[in-house]
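One file, structure.txt, is given below (compact mmCIF, C-alpha atoms and all ligand atoms).
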```txt
# COMPACT_ATOMS: atom_id res chain seq x y z
CA MET A 20 13.87 66.11 26.02
CA THR A 21 16.50 63.66 24.79
CA GLY A 22 19.59 62.14 26.39
CA PRO A 23 20.05 59.91 29.41
CA ASP A 24 17.65 61.94 31.58
CA ALA A 25 14.79 61.79 29.08
CA PRO A 26 11.82 59.83 30.41
CA ASP A 27 10.89 56.65 28.60
CA ALA A 28 8.29 57.33 25.94
CA LEU A 29 6.32 54.25 26.99
CA ARG A 30 6.81 51.71 29.75
CA ALA A 31 4.52 48.74 30.29
CA THR A 32 4.54 46.24 33.13
CA GLY A 33 2.19 43.28 33.02
CA LEU A 34 -0.10 45.33 30.80
CA GLY A 35 -3.34 43.67 29.78
CA PHE A 36 -6.61 44.83 28.31
CA ARG A 37 -9.86 43.24 27.20
CA TYR A 38 -12.82 45.04 25.72
CA ARG A 39 -15.45 43.02 27.56
CA ARG A 40 -15.14 41.52 30.99
CA ARG A 41 -15.56 38.01 29.68
CA GLY A 42 -14.03 38.68 26.27
CA GLY A 43 -10.62 37.67 25.00
CA TRP A 44 -7.51 39.66 25.82
CA ALA A 45 -6.63 42.29 23.19
CA LEU A 46 -3.33 42.76 25.05
CA ARG A 47 -1.84 40.38 27.58
CA ASP A 48 1.19 40.38 29.91
CA CYS A 49 2.93 43.10 27.93
CA GLU A 50 6.32 44.13 29.31
CA PHE A 51 8.33 46.62 27.30
CA THR A 52 10.09 49.96 27.33
CA VAL A 53 10.32 52.41 24.47
CA PRO A 54 13.06 54.94 25.29
CA GLY A 55 12.45 58.66 24.83
CA GLY A 56 13.50 60.46 21.66
CA ARG A 57 12.98 57.45 19.38
CA VAL A 58 10.88 57.00 16.28
CA THR A 59 9.19 53.68 16.97
CA ALA A 60 7.47 51.43 14.49
CA LEU A 61 4.54 49.61 16.11
CA VAL A 62 4.05 46.54 13.98
CA GLY A 63 1.67 43.59 14.07
CA ARG A 64 -0.88 41.79 11.97
CA ASN A 65 -4.53 42.83 11.89
CA GLY A 66 -5.97 42.42 15.36
CA ALA A 67 -2.57 42.15 17.07
CA GLY A 68 -3.43 44.98 19.48
CA LYS A 69 -1.72 48.05 18.00
CA THR A 70 -4.72 50.37 18.16
CA THR A 71 -5.56 49.13 21.64
CA LEU A 72 -2.04 49.92 22.84
CA LEU A 73 -2.09 53.40 21.28
CA HIS A 74 -5.49 54.11 22.82
CA LEU A 75 -4.18 53.02 26.22
CA ALA A 76 -1.12 55.25 25.77
CA GLY A 77 -3.31 58.15 24.67
CA GLY A 78 -5.59 57.73 27.70
CA LEU A 79 -8.70 56.71 25.71
CA LEU A 80 -8.71 53.32 27.46
CA ARG A 81 -7.51 52.19 30.88
CA PRO A 82 -5.49 49.01 31.49
CA GLY A 83 -7.42 45.96 32.63
CA SER A 84 -4.29 44.71 34.37
CA GLY A 85 -0.76 45.95 34.93
CA GLU A 86 0.49 49.44 34.18
CA LEU A 87 1.37 51.70 31.31
CA ARG A 88 3.25 54.97 31.61
CA ALA A 89 3.67 57.58 28.89
CA LEU A 90 6.61 59.91 29.65
CA ASP A 91 6.43 58.65 33.25
CA ALA A 92 2.84 59.92 33.53
CA VAL A 93 -0.41 57.99 33.80
CA PRO A 94 -2.15 58.26 30.40
CA GLY A 95 -5.31 60.34 30.51
CA THR A 96 -4.19 62.53 33.43
CA SER A 97 -3.87 66.26 32.77
CA GLU A 98 -0.07 65.94 32.94
CA ALA A 99 -0.06 63.28 30.24
CA ARG A 100 -2.69 65.02 28.11
CA ALA A 101 -0.55 68.16 27.94
CA ARG A 102 2.49 66.24 26.68
CA VAL A 103 1.06 63.43 24.58
CA ALA A 104 -0.85 63.73 21.29
CA LEU A 105 -2.71 60.85 19.66
CA LEU A 106 -3.70 60.81 16.03
CA ALA A 107 -6.33 58.07 16.05
CA GLN A 108 -7.24 56.00 13.00
CA ASP A 109 -10.75 57.47 12.73
CA LYS A 110 -9.40 61.04 13.11
CA PRO A 111 -12.33 62.57 14.98
CA LEU A 112 -12.86 66.11 13.66
CA TYR A 113 -15.92 68.37 13.48
CA PRO A 114 -17.14 68.09 9.86
CA ARG A 115 -18.98 71.44 9.92
CA PHE A 116 -15.92 73.37 11.09
CA THR A 117 -13.69 74.97 8.48
CA VAL A 118 -10.00 74.09 8.56
CA ALA A 119 -9.28 77.54 10.03
CA ASP A 120 -11.93 77.00 12.77
CA THR A 121 -10.40 73.63 13.56
CA LEU A 122 -6.94 75.12 14.01
CA LEU A 123 -8.40 77.94 16.10
CA MET A 124 -10.03 75.33 18.33
CA GLY A 125 -6.61 73.69 18.71
CA GLU A 126 -5.16 77.04 19.71
CA LYS A 127 -7.87 77.66 22.31
CA LEU A 128 -7.56 74.21 23.82
CA ASN A 129 -3.78 74.04 24.04
CA PHE A 130 -1.64 76.20 26.20
CA SER A 131 1.51 75.86 24.13
CA TRP A 132 -0.05 75.96 20.66
CA ASP A 133 2.34 76.32 17.74
CA ARG A 134 0.30 78.08 15.07
CA THR A 135 3.16 78.20 12.56
CA THR A 136 3.65 74.43 12.57
CA ALA A 137 -0.09 73.73 12.44
CA GLU A 138 -0.70 76.10 9.52
CA ARG A 139 2.36 74.88 7.65
CA THR A 140 1.16 71.28 7.97
CA VAL A 141 -2.15 72.04 6.25
CA ARG A 142 -0.68 74.51 3.74
CA GLU A 143 1.94 72.03 2.54
CA GLY A 144 -0.87 69.63 1.67
CA GLY A 145 -2.68 72.31 -0.34
CA VAL A 146 -5.59 72.22 2.11
CA PRO A 147 -7.61 75.48 1.88
CA LEU A 148 -8.14 77.11 5.29
CA HIS A 149 -11.71 78.12 4.41
CA ALA A 150 -12.82 74.59 3.36
CA ARG A 151 -15.22 72.66 5.57
CA VAL A 152 -13.57 69.60 7.13
CA GLY A 153 -16.48 67.34 6.13
CA GLU A 154 -15.95 68.21 2.46
CA LEU A 155 -12.24 67.35 2.39
CA SER A 156 -10.86 64.13 0.93
CA PRO A 157 -9.78 61.58 3.58
CA GLY A 158 -6.11 62.33 2.85
CA ARG A 159 -6.63 66.04 3.42
CA ARG A 160 -8.58 65.35 6.61
CA THR A 161 -5.54 63.39 7.75
CA ARG A 162 -3.44 66.53 7.19
CA VAL A 163 -5.79 68.57 9.36
CA ALA A 164 -5.76 65.96 12.13
CA LEU A 165 -1.98 65.83 11.96
CA ALA A 166 -1.80 69.63 12.11
CA LEU A 167 -3.88 69.52 15.31
CA ALA A 168 -1.55 66.89 16.80
CA LEU A 169 1.68 68.70 15.80
CA GLY A 170 0.38 72.14 16.80
CA LYS A 171 0.08 70.84 20.33
CA ARG A 172 3.89 70.54 20.43
CA PRO A 173 3.72 67.11 22.04
CA GLU A 174 6.72 65.42 23.59
CA LEU A 175 5.19 62.10 22.55
CA LEU A 176 3.26 61.74 19.32
CA LEU A 177 1.19 58.57 18.86
CA LEU A 178 0.12 57.91 15.29
CA ASP A 179 -2.26 55.08 14.39
CA GLU A 180 -1.68 54.21 10.73
CA PRO A 181 -1.56 57.91 9.93
CA LEU A 182 -0.52 57.63 6.31
CA ALA A 183 -2.91 54.98 5.05
CA ASP A 184 -5.04 57.34 2.97
CA LEU A 185 -2.33 59.69 1.72
CA ASP A 186 -0.92 59.71 -1.81
CA PRO A 187 2.74 58.63 -2.17
CA VAL A 188 4.06 62.20 -2.45
CA ALA A 189 2.13 63.31 0.62
CA ARG A 190 3.31 60.22 2.52
CA GLY A 191 6.94 61.05 1.75
CA ASP A 192 6.46 64.71 2.72
CA ILE A 193 4.74 63.88 5.98
CA MET A 194 7.26 61.24 6.98
CA ALA A 195 10.10 63.68 6.23
CA GLY A 196 8.33 66.34 8.33
CA LEU A 197 7.90 63.89 11.22
CA MET A 198 11.56 62.85 11.05
CA ALA A 199 12.60 66.51 11.12
CA GLU A 200 10.34 67.09 14.12
CA ALA A 201 11.89 64.14 15.94
CA ALA A 202 15.44 65.22 15.10
CA GLU A 203 15.03 68.93 15.90
CA ARG A 204 12.94 68.70 19.04
CA GLY A 205 13.63 65.21 20.29
CA THR A 206 9.92 64.38 19.99
CA SER A 207 9.23 60.70 20.63
CA ILE A 208 7.06 59.20 17.92
CA VAL A 209 5.24 55.87 18.02
CA LEU A 210 3.79 55.03 14.64
CA SER A 211 1.71 51.98 13.82
CA SER A 212 2.07 50.96 10.22
CA HIS A 213 1.76 48.05 7.83
CA VAL A 214 4.12 49.70 5.33
CA LEU A 215 7.32 47.91 6.25
CA PRO A 216 9.71 49.51 3.69
CA GLU A 217 8.81 52.93 5.10
CA ILE A 218 9.65 51.72 8.58
CA GLU A 219 13.08 50.56 7.46
CA GLU A 220 13.95 54.08 6.36
CA THR A 221 12.52 56.04 9.21
CA CYS A 222 12.26 54.15 12.49
CA ASP A 223 15.03 53.47 14.98
CA TRP A 224 13.03 51.34 17.44
CA VAL A 225 10.65 48.49 16.71
CA LEU A 226 7.81 47.21 18.86
CA VAL A 227 6.26 44.06 17.44
CA LEU A 228 2.94 42.73 18.74
CA ARG A 229 1.61 39.30 18.04
CA ASP A 230 -1.80 38.19 19.28
CA GLY A 231 -1.73 40.82 22.01
CA ARG A 232 1.74 39.97 23.28
CA VAL A 233 5.06 41.68 22.73
CA GLU A 234 7.41 39.78 20.43
CA LEU A 235 10.12 42.42 20.15
CA SER A 236 10.83 45.83 21.63
CA GLU A 237 14.27 46.77 20.54
CA ASP A 238 16.61 49.16 18.81
CA ALA A 239 16.22 48.69 15.04
CA TYR A 240 19.97 48.57 14.49
CA THR A 241 20.38 45.79 17.07
CA VAL A 242 17.53 43.87 15.46
CA ARG A 243 19.23 44.11 12.04
CA GLU A 244 22.64 43.14 13.41
CA SER A 245 21.47 40.18 15.46
CA HIS A 246 19.54 38.36 12.75
CA ALA A 247 20.75 36.35 9.78
CA VAL A 248 19.26 34.31 6.95
CA LEU A 249 20.97 30.94 6.60
CA THR A 250 20.76 28.47 3.76
CA GLY A 251 22.18 24.97 4.13
CA HIS A 252 21.48 21.27 4.47
CA ALA A 253 18.31 20.52 6.40
CA ASP A 254 20.01 17.94 8.63
CA GLN A 255 21.59 20.85 10.54
CA ALA A 256 18.17 22.14 11.64
CA ASP A 257 18.09 20.58 15.12
CA ALA A 258 21.59 21.71 16.03
CA LEU A 259 20.78 25.20 14.79
CA ALA A 260 17.70 25.41 17.00
CA THR A 261 19.67 24.49 20.13
CA GLU A 262 22.11 27.38 19.65
CA HIS A 263 19.99 30.14 18.15
CA THR A 264 16.40 31.28 17.98
CA VAL A 265 14.86 30.11 14.74
CA VAL A 266 12.35 32.82 13.89
CA GLN A 267 11.18 31.34 10.63
CA ARG A 268 12.22 28.38 8.50
CA ARG A 269 11.40 26.89 5.13
CA THR A 270 12.49 23.54 3.76
CA ALA A 271 12.67 22.71 0.05
CA GLY A 272 13.85 19.13 -0.46
CA ARG A 273 17.00 18.86 1.65
CA GLN A 274 17.66 22.56 1.71
CA LEU A 275 16.74 24.63 4.72
CA THR A 276 16.41 28.40 4.69
CA ALA A 277 16.09 29.90 8.17
CA LEU A 278 15.80 33.36 9.63
CA ILE A 279 17.56 33.19 12.97
CA ARG A 280 18.44 35.39 15.85
CA ARG A 281 22.04 34.66 16.65
CA HIS A 282 23.20 33.95 20.20
CA GLY A 283 26.89 33.41 19.53
CA PRO A 284 29.09 32.01 16.76
CA LEU A 285 27.55 30.01 13.95
CA HIS A 286 28.52 26.36 13.62
CA GLY A 287 27.89 24.26 10.52
CA ALA A 288 28.03 24.82 6.80
CA TRP A 289 25.76 27.73 6.06
CA HIS A 290 25.47 30.37 3.41
CA VAL A 291 24.80 33.50 5.46
CA GLU A 292 22.98 36.63 4.32
CA ARG A 293 22.04 39.73 6.20
CA PRO A 294 18.27 40.32 6.04
CA ARG A 295 16.55 43.66 5.66
CA LEU A 296 14.61 44.89 8.68
CA GLU A 297 11.44 44.40 6.62
CA ASP A 298 12.21 40.69 6.14
CA ILE A 299 12.96 40.24 9.83
CA LEU A 300 9.66 41.84 10.79
CA ILE A 301 7.76 39.66 8.32
CA GLY A 302 9.49 36.66 9.88
CA TYR A 303 8.11 37.65 13.29
CA LEU A 304 4.64 38.32 11.94
CA GLN A 305 4.16 35.07 10.05
CA ASP A 306 2.45 32.10 11.61
CA VAL A 307 5.00 29.61 12.87
CA GLU A 308 5.10 26.80 15.35
CA PRO A 309 6.28 28.12 18.75
CA ARG A 310 9.88 29.30 18.57
CA HIS A 311 12.35 27.32 20.68
CA PRO A 312 13.31 29.07 22.75
CA ALA A 313 11.01 32.07 22.39
CA PRO A 314 12.92 35.32 21.84
CA ALA A 315 11.98 36.76 25.24
CA GLU A 316 13.12 33.63 27.10
CA ARG A 317 16.34 33.63 25.16
CA THR A 318 17.07 37.26 25.95
CA GLU A 319 16.41 36.65 29.64
CA ALA A 320 18.65 33.59 29.64
CA ALA A 321 21.43 35.55 27.96
CA ALA A 322 21.16 38.44 30.46
N1 LIG B 1 -14.23 48.01 20.29
C1 LIG B 1 -13.89 46.73 20.37
N2 LIG B 1 -14.69 45.82 20.97
C2 LIG B 1 -14.35 44.53 21.09
N3 LIG B 1 -13.18 44.02 20.64
C3 LIG B 1 -12.32 44.86 20.02
C4 LIG B 1 -12.63 46.24 19.87
N4 LIG B 1 -11.59 46.84 19.23
C5 LIG B 1 -10.68 45.86 19.00
N5 LIG B 1 -11.13 44.68 19.48
C6 LIG B 1 -10.39 43.40 19.44
O1 LIG B 1 -9.14 43.58 20.11
C7 LIG B 1 -8.09 42.93 19.42
C8 LIG B 1 -7.01 43.94 19.06
O2 LIG B 1 -7.56 44.86 18.14
P1 LIG B 1 -6.76 46.15 17.65
O3 LIG B 1 -7.72 47.00 16.89
O4 LIG B 1 -6.06 46.76 18.81
O5 LIG B 1 -5.68 45.50 16.64
P2 LIG B 1 -4.77 46.20 15.55
O6 LIG B 1 -3.44 45.57 15.67
O7 LIG B 1 -4.83 47.68 15.68
O8 LIG B 1 -5.46 45.75 14.19
P3 LIG B 1 -5.48 46.45 12.72
O9 LIG B 1 -4.11 46.29 12.14
O10 LIG B 1 -6.51 45.64 12.00
O11 LIG B 1 -5.89 47.90 12.90
C9 LIG B 1 -8.73 42.26 18.21
O12 LIG B 1 -9.00 40.91 18.55
C10 LIG B 1 -10.01 43.02 18.01
O13 LIG B 1 -11.00 42.20 17.43
```

Whole structure given in structure tokens:
Amino acid sequence: MTGPDAPDALRATGLGFRYRRRGGWALRDCEFTVPGGRVTALVGRNGAGKTTLLHLAGGLLRPGSGELRALDAVPGTSEARARVALLAQDKPLYPRFTVADTLLMGEKLNFSWDRTTAERTVREGGVPLHARVGELSPGRRTRVALALALGKRPELLLLDEPLADLDPVARGDIMAGLMAEAAERGTSIVLSSHVLPEIEETCDWVLVLRDGRVELSEDAYTVRESHAVLTGHADQADALATEHTVVQRRTAGRQLTALIRRHGPLHGAWHVERPRLEDILIGYLQDVEPRHPAPAERTEAAA
């Protein structure tokens, strides 16, 4: 379902999770909403918490604190399981099953199984139906796992770095297929990926995690429009930081280059360029001293 009545794909309030009772927090105080019908890029450095979040959304883990809803349902309940599909990074499949057996299992386990879509997904990758899953290359196993996820006809598809072991042609084909799925059926897709150029072309929402906290959850167009790269004399740095959020900055001699989030008109003598989404995301992922003010505080203050 799309449109104003569509449920949010994901909604988190005060969400936290740690793997061991006394261990560190893999996710902490996460507050965000991903609207329904979006293709969302889930971005963060290694260990930022992407897999943990997807496992919580897919019902494989339960929150340690706060709440997470997937399509308004509690992940892991039968209601959520019927509507949400997770393609996990380790793609658990039965190695002794043939591809055909695997798809048949999908059909038996899912009420609204779409055999045509499932078979097309494997056929387009040249995966033989009679081959044993354990003998397939990792990329072809990914195809089979994706076929299982798509055959379920999910309203929300969670993909944990799904394309990492696919060749470039297969990556392009699969991304195009996912985009078509999202456009035709309004399927919400949340896709964790380190391949930022791909995200630029395909995703219309970005969710950025950093050390288990949410840095950004926003429409990709708004993110692009609200950021700028400035180059100018470094003595303007302090004034700049009082008016805008400085996401990242670099000084070479007396010249300052800064990626900022704008909060109004720009004052000062700056050369202004519009960054690519990829560059903005890298800016948020890189290690910096705390931003003043932090993006979330700034957004709240502006509201
Ligand atoms: N099974 C586990 N037991 C204990 N700690 C874990 C476990 N899985 C993940 N963690 C920790 O939780 C934090 C978040 O890990 P997570 O795998 O969610 O990050 P990620 O963003 O998916 O990383 P990557 O990009 O490397 O896949 C990390 O500090 C990680 O070490």

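Close contacts of Ala104 in chain A, defined as residues with an atom at most 10 Å away when counting only C-alpha atoms, with chain neighbours fewer than 3 positions off set aside, comprise A:Ala76, A:Gly77, A:Gly78, A:Ala99, A:Arg100, A:Ala101, A:Ala107, A:Leu165, A:Leu167, A:Ala168, A:Leu169, A:Gly170, A:Lys171, A:Arg172, A:Pro173, A:Glu174, A:Leu175, A:Leu176, A:Leu177, A:Leu178, A:Ile208.
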
TODO: Kindly compile the residues surrounding ligand LIG 1 (chain B) within 9 Å, counting all atoms listed in the file, and format them as an MDAnalysis selection string.
DONE: chainID A and resid 36:39 42:46 61:74 108 179:180 211:213 228:231

Open item on the list: For a quick check of your reading of the model, name the residues lying within 7 Å of the coordinate (13.2, 59.1, 22.4), counting all atoms listed in the file, and write them as a PyMOL selection string.
Closed with: chain A and resi 21+28+54-58+205-207

- [ ] Would you mind reading off the distance between CA of Arg115 in chain A and CA of Pro181 in chain A, one decimal, in Å?
- [x]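 According to the coordinates, CA of Arg115 in chain A and CA of Pro181 in chain A are separated by 22.1 Å.
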
Tell me, as a PDB file with C-alpha atoms, in the frame of the given file, which residues lie within 6 Å of Gln274 in chain A, counting all atoms listed in the file; anything in the same chain fewer than 2 positions away does not count.
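And here is the file that came out, part-v2.pdb:
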```pdb
ATOM      1  CA  GLY A 251      22.180  24.970   4.130  1.00  0.00           C
ATOM      2  CA  HIS A 252      21.480  21.270   4.470  1.00  0.00           C
ATOM      3  CA  ALA A 253      18.310  20.520   6.400  1.00  0.00           C
ATOM      4  CA  THR A 270      12.490  23.540   3.760  1.00  0.00           C
ATOM      5  CA  ALA A 271      12.670  22.710   0.050  1.00  0.00           C
ATOM      6  CA  GLY A 272      13.850  19.130  -0.460  1.00  0.00           C
TER       7      GLY A 272
END
```

Task: Neighbour list for Gly302 in chain A as a list in words, cut-off 10 Å, only C-alpha atoms, skip fewer than 2 positions in-chain - done: Val265, Val266, Gln267, Arg268, Ala277, Leu278, Ile279, Leu296, Glu297, Asp298, Ile299, Leu300, Leu304, Gln305, Asp306 and Val307 of chain A

Task: Atom pair CA of Glu292 in chain A / CA of Leu235 in chain A: separation (Å) - done: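 For CA of Glu292 in chain A relative to CA of Leu235 in chain A, the distance reads 21.2 Å.
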
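The neighbours of Leu185 in chain A here are the residues that come within 10 Å of it, using all atoms listed in the file and leaving out any residue fewer than 6 positions away in the same chain; they are Ser156, Pro157, Gly158, Arg159, Arg160, Thr161, Arg162, Gly191 and Ile193 of chain A.
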
Open item on the list: Let me make sure I understand: among A:Asp254, A:Asp223, A:Asp120, A:Glu98, which one has the smallest atom-to-atom distance to His149 in chain A if we use all atoms listed in the file?
Closed with: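 Of all the options, A:Asp120 lies closest to His149 in chain A.
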
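Proximity ranking of A:Glu126, A:Gly153, A:Leu79, A:Glu143 relative to Tyr113 in chain A places A:Gly153 first, based on all atoms listed in the file.
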
Once you add 6 Å to each side, what are the centre and edge lengths of the axis-aligned box holding all listed atoms of range 44-62 of chain A? One decimal in Å, as lines of an AutoDock Vina configuration file, if you can.
```
center_x = 3.0
center_y = 50.1
center_z = 21.9
size_x = 33.0
size_y = 32.8
size_z = 27.9
```

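Each of A:Asp48, A:Arg151, A:Arg190, A:Ala288 was compared to Ala119 in chain A using only C-alpha atoms, and A:Arg151 turns out to be the nearest.
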
Open item on the list: Report, in Å with one decimal, the straight-line distance from CA of Ser97 in chain A to CA of Gly33 in chain A.
Closed with: 23.8 Å

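Nearest to Ser131 in chain A of all the residues A:Met194, A:Arg47, A:Arg102, A:Leu259 is A:Arg102, counting only C-alpha atoms.
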
Task: 9 Å contact set for Leu34 in chain A, only C-alpha atoms, chain neighbours under 5 positions out, as a list in words - done: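 Once the nearby chain positions are removed, what remains is Leu46, Arg47, Asp48, Cys49, Glu50, Pro82, Gly83, Ser84, Gly85, Glu86 and Leu87 of chain A.
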
Task: Selected residue of minimal separation from Leu182 in chain A among A:Leu249, A:Leu148, A:Leu112, A:Leu106, counting all atoms listed in the file - done: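 For Leu182 in chain A, the nearest of the candidates is A:Leu106.
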
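Distances from A:Met124, A:Leu285, A:Val118, A:Leu275 to Thr261 in chain A were compared using all atoms listed in the file, and the smallest one belongs to A:Leu285.
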